[in-house]
>>> print(open('final-v1.pdb').read())   # PDB, C-alpha atoms (C1' of nucleotides)
ATOM      1  CA  MET M   1     -55.159 208.492  97.214
ATOM      2  CA  GLY M   2     -58.035 210.877  97.646
ATOM      3  CA  VAL M   3     -56.084 212.333 100.535
ATOM      4  CA  THR M   4     -54.830 215.875 100.151
ATOM      5  CA  LYS M   5     -51.218 216.310 101.214
ATOM      6  CA  THR M   6     -51.858 219.343 103.360
ATOM      7  CA  GLU M   7     -48.453 219.145 104.998
ATOM      8  CA  ILE M   8     -46.612 220.187 101.843
ATOM      9  CA  PHE M   9     -48.548 223.426 101.514
ATOM     10  CA  THR M  10     -48.466 226.599 103.561
ATOM     11  CA  GLU M  11     -50.972 227.424 106.265
ATOM     12  CA  GLN M  12     -52.257 230.204 104.060
ATOM     13  CA  GLN M  13     -52.752 227.948 101.068
ATOM     14  CA  ASN M  14     -54.628 225.400 103.144
ATOM     15  CA  ARG M  15     -56.791 228.090 104.692
ATOM     16  CA  ILE M  16     -57.666 229.622 101.344
ATOM     17  CA  ALA M  17     -58.599 226.176 100.060
ATOM     18  CA  ASP M  18     -60.853 225.710 103.074
ATOM     19  CA  LEU M  19     -62.511 229.089 102.671
ATOM     20  CA  ALA M  20     -63.057 228.357  98.989
ATOM     21  CA  LYS M  21     -64.794 225.124  99.907
ATOM     22  CA  ALA M  22     -67.543 227.193 101.464
ATOM     23  CA  PHE M  23     -68.434 228.280  97.933
ATOM     24  CA  ALA M  24     -67.373 225.172  96.058
ATOM     25  CA  HIS M  25     -70.766 223.477  96.099
ATOM     26  CA  PRO M  26     -73.910 225.047  94.661
ATOM     27  CA  ALA M  27     -75.951 224.016  97.681
ATOM     28  CA  ARG M  28     -73.612 225.903  99.966
ATOM     29  CA  VAL M  29     -73.687 228.927  97.675
ATOM     30  CA  ALA M  30     -77.472 228.790  97.803
ATOM     31  CA  ILE M  31     -77.464 228.448 101.584
ATOM     32  CA  LEU M  32     -75.146 231.422 102.025
ATOM     33  CA  GLN M  33     -77.223 233.504  99.617
ATOM     34  CA  LEU M  34     -80.407 232.653 101.493
ATOM     35  CA  ILE M  35     -78.880 233.462 104.855
ATOM     36  CA  ILE M  36     -77.699 236.804 103.520
ATOM     37  CA  ALA M  37     -80.922 237.662 101.705
ATOM     38  CA  ARG M  38     -83.065 237.033 104.759
ATOM     39  CA  LYS M  39     -80.833 239.205 106.880
ATOM     40  CA  ALA M  40     -82.564 237.614 109.796
ATOM     41  CA  CYS M  41     -81.160 234.180 110.368
ATOM     42  CA  VAL M  42     -82.554 231.233 108.586
ATOM     43  CA  CYS M  43     -83.009 227.822 110.093
ATOM     44  CA  GLY M  44     -84.974 224.916 108.651
ATOM     45  CA  ASP M  45     -86.552 227.202 106.098
ATOM     46  CA  LEU M  46     -83.528 226.221 104.062
ATOM     47  CA  VAL M  47     -84.919 222.745 103.760
ATOM     48  CA  ASP M  48     -88.136 224.137 102.306
ATOM     49  CA  GLU M  49     -86.339 226.418  99.890
ATOM     50  CA  LEU M  50     -83.854 223.857  98.666
ATOM     51  CA  GLU M  51     -84.852 220.603  97.050
ATOM     52  CA  LEU M  52     -82.606 218.660  99.341
ATOM     53  CA  ALA M  53     -83.334 216.391 102.257
ATOM     54  CA  GLN M  54     -83.055 217.787 105.748
ATOM     55  CA  ALA M  55     -80.089 215.575 106.506
ATOM     56  CA  THR M  56     -78.253 216.866 103.452
ATOM     57  CA  VAL M  57     -78.846 220.502 104.323
ATOM     58  CA  SER M  58     -77.734 219.832 107.865
ATOM     59  CA  GLN M  59     -74.517 218.345 106.583
ATOM     60  CA  HIS M  60     -73.751 221.372 104.423
ATOM     61  CA  LEU M  61     -74.436 223.612 107.401
ATOM     62  CA  LYS M  62     -72.033 221.522 109.446
ATOM     63  CA  GLU M  63     -69.334 222.019 106.819
ATOM     64  CA  LEU M  64     -69.952 225.767 106.721
ATOM     65  CA  LYS M  65     -69.731 225.830 110.508
ATOM     66  CA  ARG M  66     -66.491 223.849 110.431
ATOM     67  CA  ILE M  67     -64.997 226.435 108.102
ATOM     68  CA  GLY M  68     -66.356 229.062 110.440
ATOM     69  CA  ILE M  69     -68.090 231.207 107.861
ATOM     70  CA  ILE M  70     -71.466 230.789 109.547
ATOM     71  CA  GLN M  71     -72.511 230.437 113.138
ATOM     72  CA  GLY M  72     -75.575 228.814 114.610
ATOM     73  CA  GLU M  73     -77.515 230.015 117.572
ATOM     74  CA  ILE M  74     -79.750 227.544 119.319
ATOM     75  CA  ASN M  75     -83.143 229.066 119.787
ATOM     76  CA  PRO M  76     -85.177 226.039 120.774
ATOM     77  CA  PRO M  77     -86.511 224.176 119.107
ATOM     78  CA  ARG M  78     -84.974 225.985 116.160
ATOM     79  CA  VAL M  79     -81.415 226.799 115.247
ATOM     80  CA  CYS M  80     -80.718 230.170 113.769
ATOM     81  CA  TYR M  81     -77.854 230.520 111.321
ATOM     82  CA  CYS M  82     -76.077 233.620 110.241
ATOM     83  CA  ILE M  83     -72.854 234.787 108.700
ATOM     84  CA  ASN M  84     -69.894 234.948 111.052
ATOM     85  CA  PRO M  85     -68.574 238.445 110.262
ATOM     86  CA  PRO M  86     -64.897 237.942 111.205
ATOM     87  CA  VAL M  87     -64.505 234.878 109.009
ATOM     88  CA  TRP M  88     -66.529 236.475 106.246
ATOM     89  CA  GLU M  89     -64.096 239.382 106.375
ATOM     90  CA  GLU M  90     -61.165 236.983 106.412
ATOM     91  CA  ALA M  91     -62.474 235.372 103.241
ATOM     92  CA  ARG M  92     -63.074 238.721 101.591
ATOM     93  CA  GLN M  93     -59.529 239.784 102.389
ATOM     94  CA  ALA M  94     -57.997 236.499 101.274
ATOM     95  CA  PHE M  95     -59.760 236.428  97.928
ATOM     96  CA  GLY M  96     -59.304 240.140  97.470
ATOM     97  CA  ALA M  97     -55.569 239.715  97.887
ATOM     98  CA  ILE M  98     -55.446 236.888  95.388
ATOM     99  CA  PHE M  99     -57.459 238.728  92.788
ATOM    100  CA  GLU M 100     -55.311 241.817  93.202
ATOM    101  CA  SER M 101     -52.096 239.845  92.895
ATOM    102  CA  PHE M 102     -52.662 239.312  89.214
ATOM    103  CA  GLU M 103     -52.336 242.239  86.888
ATOM    104  CA  ALA M 104     -53.230 241.140  83.393
ATOM    105  CA  VAL M 105     -49.722 240.368  82.318
ATOM    106  CA  THR M 106     -49.755 237.090  80.501
ATOM    107  CA  CYS M 107     -47.266 235.603  78.131
ATOM    108  CA  CYS M 108     -49.681 233.697  75.958
ATOM    109  CA  ASN M 109     -51.850 236.284  74.337
TER     110      ASN M 109
ATOM    111  CA  MET G 110     -74.619 209.553  96.328
ATOM    112  CA  GLY G 111     -71.593 211.710  95.859
ATOM    113  CA  VAL G 112     -73.363 213.243  92.902
ATOM    114  CA  THR G 113     -74.195 216.924  93.106
ATOM    115  CA  LYS G 114     -77.742 217.724  92.016
ATOM    116  CA  THR G 115     -76.736 220.572  89.749
ATOM    117  CA  GLU G 116     -80.162 220.716  88.102
ATOM    118  CA  ILE G 117     -81.860 222.110  91.188
ATOM    119  CA  PHE G 118     -79.551 225.110  91.371
ATOM    120  CA  THR G 119     -79.246 228.180  89.195
ATOM    121  CA  GLU G 120     -76.656 228.574  86.461
ATOM    122  CA  GLN G 121     -75.049 231.252  88.550
ATOM    123  CA  GLN G 122     -74.822 229.098  91.649
ATOM    124  CA  ASN G 123     -73.286 226.255  89.700
ATOM    125  CA  ARG G 124     -70.807 228.578  88.037
ATOM    126  CA  ILE G 125     -69.743 230.141  91.303
ATOM    127  CA  ALA G 126     -69.219 226.679  92.754
ATOM    128  CA  ASP G 127     -67.073 225.793  89.771
ATOM    129  CA  LEU G 128     -65.006 228.956  90.024
ATOM    130  CA  ALA G 129     -64.541 228.339  93.739
ATOM    131  CA  LYS G 130     -63.218 224.871  92.979
ATOM    132  CA  ALA G 131     -60.236 226.517  91.321
ATOM    133  CA  PHE G 132     -59.220 227.641  94.811
ATOM    134  CA  ALA G 133     -60.633 224.771  96.811
ATOM    135  CA  HIS G 134     -57.491 222.669  96.865
ATOM    136  CA  PRO G 135     -54.156 223.912  98.242
ATOM    137  CA  ALA G 136     -52.265 222.497  95.261
ATOM    138  CA  ARG G 137     -54.376 224.562  92.888
ATOM    139  CA  VAL G 138     -53.915 227.657  95.036
ATOM    140  CA  ALA G 139     -50.161 227.054  94.916
ATOM    141  CA  ILE G 140     -50.240 226.541  91.155
ATOM    142  CA  LEU G 141     -52.173 229.754  90.576
ATOM    143  CA  GLN G 142     -49.850 231.675  92.883
ATOM    144  CA  LEU G 143     -46.806 230.363  91.048
ATOM    145  CA  ILE G 144     -48.236 231.209  87.655
ATOM    146  CA  ILE G 145     -48.994 234.720  88.853
ATOM    147  CA  ALA G 146     -45.671 235.247  90.637
ATOM    148  CA  ARG G 147     -43.637 234.249  87.607
ATOM    149  CA  LYS G 148     -45.584 236.581  85.400
ATOM    150  CA  ALA G 149     -44.085 234.673  82.541
ATOM    151  CA  CYS G 150     -45.907 231.403  82.143
ATOM    152  CA  VAL G 151     -44.853 228.401  84.078
ATOM    153  CA  CYS G 152     -44.837 224.903  82.672
ATOM    154  CA  GLY G 153     -43.306 221.817  84.233
ATOM    155  CA  ASP G 154     -41.396 223.975  86.663
ATOM    156  CA  LEU G 155     -44.496 223.479  88.742
ATOM    157  CA  VAL G 156     -43.534 219.870  89.208
ATOM    158  CA  ASP G 157     -40.166 220.937  90.577
ATOM    159  CA  GLU G 158     -41.640 223.531  92.893
ATOM    160  CA  LEU G 159     -44.418 221.372  94.247
ATOM    161  CA  GLU G 160     -43.820 218.091  95.994
ATOM    162  CA  LEU G 161     -46.296 216.346  93.795
ATOM    163  CA  ALA G 162     -45.866 213.890  90.965
ATOM    164  CA  GLN G 163     -46.050 215.118  87.397
ATOM    165  CA  ALA G 164     -49.259 213.226  86.806
ATOM    166  CA  THR G 165     -50.880 214.886  89.800
ATOM    167  CA  VAL G 166     -49.851 218.386  88.759
ATOM    168  CA  SER G 167     -51.068 217.689  85.254
ATOM    169  CA  GLN G 168     -54.439 216.675  86.630
ATOM    170  CA  HIS G 169     -54.810 219.868  88.642
ATOM    171  CA  LEU G 170     -53.859 221.866  85.563
ATOM    172  CA  LYS G 171     -56.525 220.006  83.635
ATOM    173  CA  GLU G 172     -59.126 220.955  86.225
ATOM    174  CA  LEU G 173     -58.046 224.587  86.144
ATOM    175  CA  LYS G 174     -58.275 224.525  82.353
ATOM    176  CA  ARG G 175     -61.732 222.951  82.528
ATOM    177  CA  ILE G 176     -62.889 225.801  84.721
ATOM    178  CA  GLY G 177     -61.227 228.148  82.273
ATOM    179  CA  ILE G 178     -59.230 230.165  84.754
ATOM    180  CA  ILE G 179     -55.944 229.258  83.091
ATOM    181  CA  GLN G 180     -54.993 228.631  79.513
ATOM    182  CA  GLY G 181     -52.153 226.573  78.107
ATOM    183  CA  GLU G 182     -50.129 227.395  75.069
ATOM    184  CA  ILE G 183     -48.261 224.571  73.438
ATOM    185  CA  ASN G 184     -44.699 225.594  72.860
ATOM    186  CA  PRO G 185     -43.100 222.271  72.046
ATOM    187  CA  PRO G 186     -41.988 220.356  73.794
ATOM    188  CA  ARG G 187     -43.256 222.508  76.653
ATOM    189  CA  VAL G 188     -46.652 223.829  77.536
ATOM    190  CA  CYS G 189     -46.866 227.306  78.858
ATOM    191  CA  TYR G 190     -49.645 228.150  81.281
ATOM    192  CA  CYS G 191     -51.012 231.480  82.252
ATOM    193  CA  ILE G 192     -54.059 233.095  83.755
ATOM    194  CA  ASN G 193     -57.006 233.504  81.416
ATOM    195  CA  PRO G 194     -57.878 237.166  82.036
ATOM    196  CA  PRO G 195     -61.599 237.064  81.111
ATOM    197  CA  VAL G 196     -62.346 234.180  83.442
ATOM    198  CA  TRP G 197     -60.123 235.638  86.143
ATOM    199  CA  GLU G 198     -62.173 238.805  85.871
ATOM    200  CA  GLU G 199     -65.378 236.793  85.930
ATOM    201  CA  ALA G 200     -64.268 235.179  89.179
ATOM    202  CA  ARG G 201     -63.262 238.484  90.682
ATOM    203  CA  GLN G 202     -66.641 239.947  89.832
ATOM    204  CA  ALA G 203     -68.561 236.942  91.088
ATOM    205  CA  PHE G 204     -66.815 236.790  94.436
ATOM    206  CA  GLY G 205     -66.800 240.542  94.725
ATOM    207  CA  ALA G 206     -70.559 240.576  94.317
ATOM    208  CA  ILE G 207     -71.033 237.890  96.939
ATOM    209  CA  PHE G 208     -68.808 239.566  99.461
ATOM    210  CA  GLU G 209     -70.538 242.876  98.910
ATOM    211  CA  SER G 210     -73.979 241.341  99.278
ATOM    212  CA  PHE G 211     -73.470 240.877 102.976
ATOM    213  CA  GLU G 212     -73.446 243.916 105.184
ATOM    214  CA  ALA G 213     -72.684 242.902 108.731
ATOM    215  CA  VAL G 214     -76.295 242.593 109.821
ATOM    216  CA  THR G 215     -76.643 239.425 111.766
ATOM    217  CA  CYS G 216     -79.279 238.337 114.178
ATOM    218  CA  CYS G 217     -77.142 236.239 116.441
ATOM    219  CA  ASN G 218     -74.662 238.562 118.008
TER     220      ASN G 218
ATOM    221  C1'  DA T 219     -96.413 212.474 131.092
ATOM    222  C1'  DT T 220     -97.215 212.428 126.095
ATOM    223  C1'  DA T 221     -96.927 214.057 121.715
ATOM    224  C1'  DA T 222     -95.062 217.097 118.292
ATOM    225  C1'  DT T 223     -91.282 219.941 116.456
ATOM    226  C1'  DT T 224     -86.746 220.880 114.951
ATOM    227  C1'  DC T 225     -82.393 219.661 114.031
ATOM    228  C1'  DA T 226     -78.095 216.679 114.466
ATOM    229  C1'  DT T 227     -76.086 212.409 113.765
ATOM    230  C1'  DC T 228     -75.609 207.553 112.205
ATOM    231  C1'  DG T 229     -75.276 204.277 108.691
ATOM    232  C1'  DT T 230     -75.215 203.264 104.062
ATOM    233  C1'  DA T 231     -74.770 203.741  99.051
ATOM    234  C1'  DA T 232     -73.049 205.960  95.107
ATOM    235  C1'  DT T 233     -70.015 209.003  92.984
ATOM    236  C1'  DA T 234     -65.983 212.263  93.037
ATOM    237  C1'  DT T 235     -61.438 213.505  94.131
ATOM    238  C1'  DT T 236     -56.600 212.940  95.004
ATOM    239  C1'  DG T 237     -52.360 210.831  94.001
ATOM    240  C1'  DC T 238     -49.112 208.251  91.461
ATOM    241  C1'  DG T 239     -46.709 204.736  88.471
ATOM    242  C1'  DA T 240     -46.783 203.452  83.895
ATOM    243  C1'  DT T 241     -47.734 204.440  79.392
ATOM    244  C1'  DT T 242     -48.738 207.248  75.470
ATOM    245  C1'  DT T 243     -48.428 211.271  72.563
ATOM    246  C1'  DA T 244     -46.039 214.880  70.413
ATOM    247  C1'  DT T 245     -42.229 217.230  69.111
ATOM    248  C1'  DA T 246     -37.185 218.321  68.937
ATOM    249  C1'  DT T 247     -32.657 216.750  68.493
ATOM    250  C1'  DT T 248     -29.120 213.778  66.962
TER     251       DT T 248
ATOM    252  C1'  DA U 249     -34.739 206.530  61.896
ATOM    253  C1'  DA U 250     -33.498 206.639  66.781
ATOM    254  C1'  DT U 251     -33.420 209.029  70.920
ATOM    255  C1'  DA U 252     -34.666 212.405  74.322
ATOM    256  C1'  DT U 253     -37.806 215.514  76.550
ATOM    257  C1'  DA U 254     -42.240 217.356  78.156
ATOM    258  C1'  DA U 255     -46.694 216.746  79.181
ATOM    259  C1'  DA U 256     -51.220 214.244  78.823
ATOM    260  C1'  DT U 257     -53.683 210.225  79.741
ATOM    261  C1'  DC U 258     -54.692 205.527  81.644
ATOM    262  C1'  DG U 259     -55.554 202.582  85.365
ATOM    263  C1'  DC U 260     -55.560 201.722  89.937
ATOM    264  C1'  DA U 261     -55.971 202.455  95.028
ATOM    265  C1'  DA U 262     -57.361 205.124  98.819
ATOM    266  C1'  DT U 263     -59.996 208.599 100.727
ATOM    267  C1'  DA U 264     -63.571 212.315 100.493
ATOM    268  C1'  DT U 265     -67.933 214.050  99.293
ATOM    269  C1'  DT U 266     -72.808 214.051  98.428
ATOM    270  C1'  DA U 267     -77.236 212.421  99.480
ATOM    271  C1'  DC U 268     -80.813 210.424 102.157
ATOM    272  C1'  DG U 269     -83.641 207.404 105.286
ATOM    273  C1'  DA U 270     -83.781 206.347 109.922
ATOM    274  C1'  DT U 271     -82.873 207.343 114.424
ATOM    275  C1'  DG U 272     -81.823 210.158 118.433
ATOM    276  C1'  DA U 273     -81.620 214.367 121.385
ATOM    277  C1'  DA U 274     -83.609 218.513 122.994
ATOM    278  C1'  DT U 275     -87.281 221.366 123.706
ATOM    279  C1'  DT U 276     -92.095 222.951 123.400
ATOM    280  C1'  DA U 277     -96.841 222.270 123.527
ATOM    281  C1'  DT U 278    -100.739 219.590 124.963
TER     282       DT U 278
END
>>> encode(input="final-v1.pdb", output="structure tokens")
Amino acid sequence: MGVTKTEIFTEQQNRIADLAKAFAHPARVAILQLIIARKACVCGDLVDELELAQATVSQHLKELKRIGIIQGEINPPRVCYCINPPVWEEARQAFGAIFESFEAVTCCN
Amino acid sequence: MGVTKTEIFTEQQNRIADLAKAFAHPARVAILQLIIARKACVCGDLVDELELAQATVSQHLKELKRIGIIQGEINPPRVCYCINPPVWEEARQAFGAIFESFEAVTCCN
DNA sequence: ATAATTCATCGTAATATTGCGATTTATATT
DNA sequence: AATATAAATCGCAATATTACGATGAATTAT
């Protein structure tokens, strides 16, 4: 039904899925990379760098904010975005744990 | 339009987005965790473990196969799934690189 | 005050995803 | 051959996502 049955999964599984969504669209990957590369926070420069309309970029930023992986500081008339370190660390830990959980033991090889 | 403009992003950005999609739905996270936990490959046991219809599980498996992160071995009448080590390693590297690229230097704190 | 800017949000359109029942395919068993 | 089992695929419905033009809100500059 296009509606994910979140209630049948664990909190952890739902959170991992959410964190993964931050990277599950190339525009968001590009936005995160730009924010990181510029160390200083980026704002509407993203619109210039990406071939996407301002409204589209704004929507991706909103999604990244919802997940919590970035934060925006209003610095009128601009808004300055940067990585939110605690959530970034949370994501690193979560994915690190998953990747470590598998030790190349497969049956079909 | 619901259609991602993949052509305006780099190969790498598109690939990372694809790899992230493997983890961007709680059902797929659960499936990967089950496959890993059972070391031996899981097949339709997934349907028993998850409260999802067989058709739904099959579709998630198809997506994971498309990405390449799992592989299925036909072992009639069952199909045995397991992690595809090279792609798993690719994902680990890709996310590792991203997470390392940020060193807690933010402007808004 | 007025105009210019930056960005968020609204509304809309198009496409994608999620989920499942029903069916099909493929093989094993009888 | 007929049946049973396992899994993929089809077709549909419902919801989500992606994208953008237009508009609105907030602030700065004139």
>>> residues_around(input="final-v1.pdb", residues="stretch 146-163 of chain G", least_positions_apart="3", cutoff="9 Å", atoms="only C-alpha atoms (C1' of nucleotides)", output="number ranges by chain")
M: 5, 8-9, 101-103, 105-108; G: 136, 139-143, 166-168, 181, 187-192; T: 237-238; U: 254-255
>>> calpha_fit_and_write(input="final-v1.pdb", fixed="chain M", moving="chain G", output="mmCIF file with C-alpha atoms, in the frame of the given file")
data_model
loop_
_atom_site.group_PDB
_atom_site.id
_atom_site.type_symbol
_atom_site.label_atom_id
_atom_site.label_comp_id
_atom_site.auth_asym_id
_atom_site.auth_seq_id
_atom_site.Cartn_x
_atom_site.Cartn_y
_atom_site.Cartn_z
ATOM 1 C CA MET G 110 -55.345 208.397 97.262
ATOM 2 C CA GLY G 111 -58.085 210.925 97.621
ATOM 3 C CA VAL G 112 -56.140 212.360 100.517
ATOM 4 C CA THR G 113 -54.865 215.900 100.155
ATOM 5 C CA LYS G 114 -51.246 216.309 101.226
ATOM 6 C CA THR G 115 -51.896 219.355 103.361
ATOM 7 C CA GLU G 116 -48.477 219.154 105.016
ATOM 8 C CA ILE G 117 -46.624 220.193 101.880
ATOM 9 C CA PHE G 118 -48.550 223.441 101.554
ATOM 10 C CA THR G 119 -48.477 226.618 103.592
ATOM 11 C CA GLU G 120 -50.998 227.445 106.294
ATOM 12 C CA GLN G 121 -52.268 230.204 104.081
ATOM 13 C CA GLN G 122 -52.757 227.959 101.079
ATOM 14 C CA ASN G 123 -54.627 225.413 103.144
ATOM 15 C CA ARG G 124 -56.804 228.092 104.691
ATOM 16 C CA ILE G 125 -57.671 229.627 101.355
ATOM 17 C CA ALA G 126 -58.614 226.194 100.054
ATOM 18 C CA ASP G 127 -60.850 225.709 103.063
ATOM 19 C CA LEU G 128 -62.516 229.086 102.662
ATOM 20 C CA ALA G 129 -63.056 228.367 98.975
ATOM 21 C CA LYS G 130 -64.791 225.123 99.880
ATOM 22 C CA ALA G 131 -67.549 227.191 101.450
ATOM 23 C CA PHE G 132 -68.423 228.276 97.909
ATOM 24 C CA ALA G 133 -67.371 225.169 96.044
ATOM 25 C CA HIS G 134 -70.746 223.465 96.067
ATOM 26 C CA PRO G 135 -73.906 225.044 94.621
ATOM 27 C CA ALA G 136 -75.953 224.003 97.652
ATOM 28 C CA ARG G 137 -73.605 225.898 99.943
ATOM 29 C CA VAL G 138 -73.686 228.928 97.659
ATOM 30 C CA ALA G 139 -77.486 228.793 97.787
ATOM 31 C CA ILE G 140 -77.467 228.441 101.567
ATOM 32 C CA LEU G 141 -75.157 231.417 102.014
ATOM 33 C CA GLN G 142 -77.230 233.502 99.614
ATOM 34 C CA LEU G 143 -80.410 232.653 101.490
ATOM 35 C CA ILE G 144 -78.885 233.468 104.849
ATOM 36 C CA ILE G 145 -77.705 236.804 103.502
ATOM 37 C CA ALA G 146 -80.940 237.653 101.680
ATOM 38 C CA ARG G 147 -83.079 237.045 104.742
ATOM 39 C CA LYS G 148 -80.861 239.217 106.853
ATOM 40 C CA ALA G 149 -82.580 237.634 109.786
ATOM 41 C CA CYS G 150 -81.170 234.188 110.336
ATOM 42 C CA VAL G 151 -82.583 231.254 108.530
ATOM 43 C CA CYS G 152 -83.025 227.849 110.088
ATOM 44 C CA GLY G 153 -84.922 224.907 108.657
ATOM 45 C CA ASP G 154 -86.556 227.172 106.125
ATOM 46 C CA LEU G 155 -83.541 226.211 104.085
ATOM 47 C CA VAL G 156 -84.936 222.729 103.773
ATOM 48 C CA ASP G 157 -88.149 224.137 102.343
ATOM 49 C CA GLU G 158 -86.371 226.427 99.922
ATOM 50 C CA LEU G 159 -83.878 223.888 98.677
ATOM 51 C CA GLU G 160 -84.873 220.630 97.073
ATOM 52 C CA LEU G 161 -82.627 218.696 99.359
ATOM 53 C CA ALA G 162 -83.351 216.438 102.292
ATOM 54 C CA GLN G 163 -83.017 217.790 105.803
ATOM 55 C CA ALA G 164 -80.062 215.550 106.492
ATOM 56 C CA THR G 165 -78.253 216.866 103.436
ATOM 57 C CA VAL G 166 -78.847 220.508 104.317
ATOM 58 C CA SER G 167 -77.722 219.823 107.855
ATOM 59 C CA GLN G 168 -74.500 218.346 106.541
ATOM 60 C CA HIS G 169 -73.744 221.378 104.393
ATOM 61 C CA LEU G 170 -74.442 223.611 107.376
ATOM 62 C CA LYS G 171 -72.022 221.527 109.397
ATOM 63 C CA GLU G 172 -69.326 222.037 106.780
ATOM 64 C CA LEU G 173 -69.955 225.773 106.696
ATOM 65 C CA LYS G 174 -69.733 225.851 110.488
ATOM 66 C CA ARG G 175 -66.494 223.862 110.398
ATOM 67 C CA ILE G 176 -64.999 226.450 108.088
ATOM 68 C CA GLY G 177 -66.361 229.088 110.423
ATOM 69 C CA ILE G 178 -68.099 231.221 107.846
ATOM 70 C CA ILE G 179 -71.470 230.796 109.531
ATOM 71 C CA GLN G 180 -72.488 230.448 113.129
ATOM 72 C CA GLY G 181 -75.557 228.816 114.610
ATOM 73 C CA GLU G 182 -77.464 230.011 117.599
ATOM 74 C CA ILE G 183 -79.661 227.511 119.344
ATOM 75 C CA ASN G 184 -83.071 228.985 119.859
ATOM 76 C CA PRO G 185 -85.063 225.921 120.811
ATOM 77 C CA PRO G 186 -86.402 224.080 119.143
ATOM 78 C CA ARG G 187 -84.882 225.933 116.199
ATOM 79 C CA VAL G 188 -81.351 226.790 115.275
ATOM 80 C CA CYS G 189 -80.716 230.153 113.802
ATOM 81 C CA TYR G 190 -77.856 230.545 111.358
ATOM 82 C CA CYS G 191 -76.094 233.637 110.248
ATOM 83 C CA ILE G 192 -72.873 234.801 108.690
ATOM 84 C CA ASN G 193 -69.897 234.951 111.023
ATOM 85 C CA PRO G 194 -68.585 238.448 110.247
ATOM 86 C CA PRO G 195 -64.904 237.934 111.194
ATOM 87 C CA VAL G 196 -64.516 234.881 108.995
ATOM 88 C CA TRP G 197 -66.546 236.478 106.222
ATOM 89 C CA GLU G 198 -64.125 239.380 106.365
ATOM 90 C CA GLU G 199 -61.189 236.992 106.409
ATOM 91 C CA ALA G 200 -62.490 235.384 103.229
ATOM 92 C CA ARG G 201 -63.086 238.717 101.578
ATOM 93 C CA GLN G 202 -59.553 239.793 102.379
ATOM 94 C CA ALA G 203 -58.015 236.524 101.265
ATOM 95 C CA PHE G 204 -59.768 236.439 97.919
ATOM 96 C CA GLY G 205 -59.326 240.148 97.465
ATOM 97 C CA ALA G 206 -55.591 239.742 97.889
ATOM 98 C CA ILE G 207 -55.449 236.905 95.390
ATOM 99 C CA PHE G 208 -57.455 238.726 92.786
ATOM 100 C CA GLU G 209 -55.334 241.822 93.200
ATOM 101 C CA SER G 210 -52.106 239.864 92.916
ATOM 102 C CA PHE G 211 -52.670 239.303 89.239
ATOM 103 C CA GLU G 212 -52.324 242.222 86.900
ATOM 104 C CA ALA G 213 -53.207 241.152 83.397
ATOM 105 C CA VAL G 214 -49.661 240.358 82.339
ATOM 106 C CA THR G 215 -49.703 237.088 80.537
ATOM 107 C CA CYS G 216 -47.221 235.582 78.188
ATOM 108 C CA CYS G 217 -49.599 233.662 76.009
ATOM 109 C CA ASN G 218 -51.778 236.198 74.329
#
>>> interface_residues(input="final-v1.pdb", of="chain T", to="chain M", cutoff="9 Å", atoms="only C-alpha atoms (C1' of nucleotides)", output="VMD selection string")
chain T and resid 223 to 227 235 to 238
>>> residues_around(input="final-v1.pdb", residues="M:Ala17", least_positions_apart="6", cutoff="6 Å", atoms="all atoms listed in the file", output="PyMOL selection string")
chain G and resi 132-135
>>> write_last_selection(input="final-v1.pdb", atoms="C-alpha atoms", output="PDB file, keeping the file's coordinate frame")
ATOM      1  CA  PHE G 132     -59.220 227.641  94.811  1.00  0.00           C
ATOM      2  CA  ALA G 133     -60.633 224.771  96.811  1.00  0.00           C
ATOM      3  CA  HIS G 134     -57.491 222.669  96.865  1.00  0.00           C
ATOM      4  CA  PRO G 135     -54.156 223.912  98.242  1.00  0.00           C
TER       5      PRO G 135
END
>>> interface_residues(input="final-v1.pdb", of="chain U", to="chain G", cutoff="7 Å", atoms="all atoms listed in the file", output="PDB file with C-alpha atoms (C1' of nucleotides), in the frame of the given file")
ATOM      1  C1'  DT U 253     -37.806 215.514  76.550  1.00  0.00           C
ATOM      2  C1'  DA U 254     -42.240 217.356  78.156  1.00  0.00           C
ATOM      3  C1'  DT U 265     -67.933 214.050  99.293  1.00  0.00           C
ATOM      4  C1'  DT U 266     -72.808 214.051  98.428  1.00  0.00           C
ATOM      5  C1'  DA U 267     -77.236 212.421  99.480  1.00  0.00           C
TER       6       DA U 267
END
>>> atom_distance(input="final-v1.pdb", atom1="atom CA of G:Ile176", atom2="atom CA of M:Leu19")
18.3 Å
>>> residues_around(input="final-v1.pdb", residues="T:DC228", least_positions_apart="5", cutoff="10 Å", atoms="all atoms listed in the file", output="number ranges by chain")
U: 270-272
>>> write_last_selection(input="final-v1.pdb", atoms="C-alpha atoms (C1' of nucleotides)", output="mmCIF file, in the coordinates of the input")
data_model
loop_
_atom_site.group_PDB
_atom_site.id
_atom_site.type_symbol
_atom_site.label_atom_id
_atom_site.label_comp_id
_atom_site.auth_asym_id
_atom_site.auth_seq_id
_atom_site.Cartn_x
_atom_site.Cartn_y
_atom_site.Cartn_z
ATOM 1 C "C1'" DA U 270 -83.781 206.347 109.922
ATOM 2 C "C1'" DT U 271 -82.873 207.343 114.424
ATOM 3 C "C1'" DG U 272 -81.823 210.158 118.433
#
>>> atom_distance(input="final-v1.pdb", atom1="atom CA of M:Glu73", atom2="atom CA of M:Ile35")
13.2 Å
>>> residues_around(input="final-v1.pdb", residues="U:DA252", least_positions_apart="3", cutoff="12 Å", atoms="all atoms listed in the file", output="count of residues only")
5
>>> closest_residue(input="final-v1.pdb", among="G:Gln202, G:Gln122, G:Asn193, G:Thr165", to="chain M", atoms="all atoms listed in the file")
G:Gln122
>>> resolve_selection(input="final-v1.pdb", expression="the PyMOL selection byres ((chain T and resi 243) around 10)", output="list in words")
DT241, DT242, DA244 and DT245 of chain T; DA255, DA256 and DT257 of chain U
>>> closest_residue(input="final-v1.pdb", among="M:Pro86, M:Arg92, M:Glu11, M:Arg66", to="chain G", atoms="only C-alpha atoms")
M:Arg92
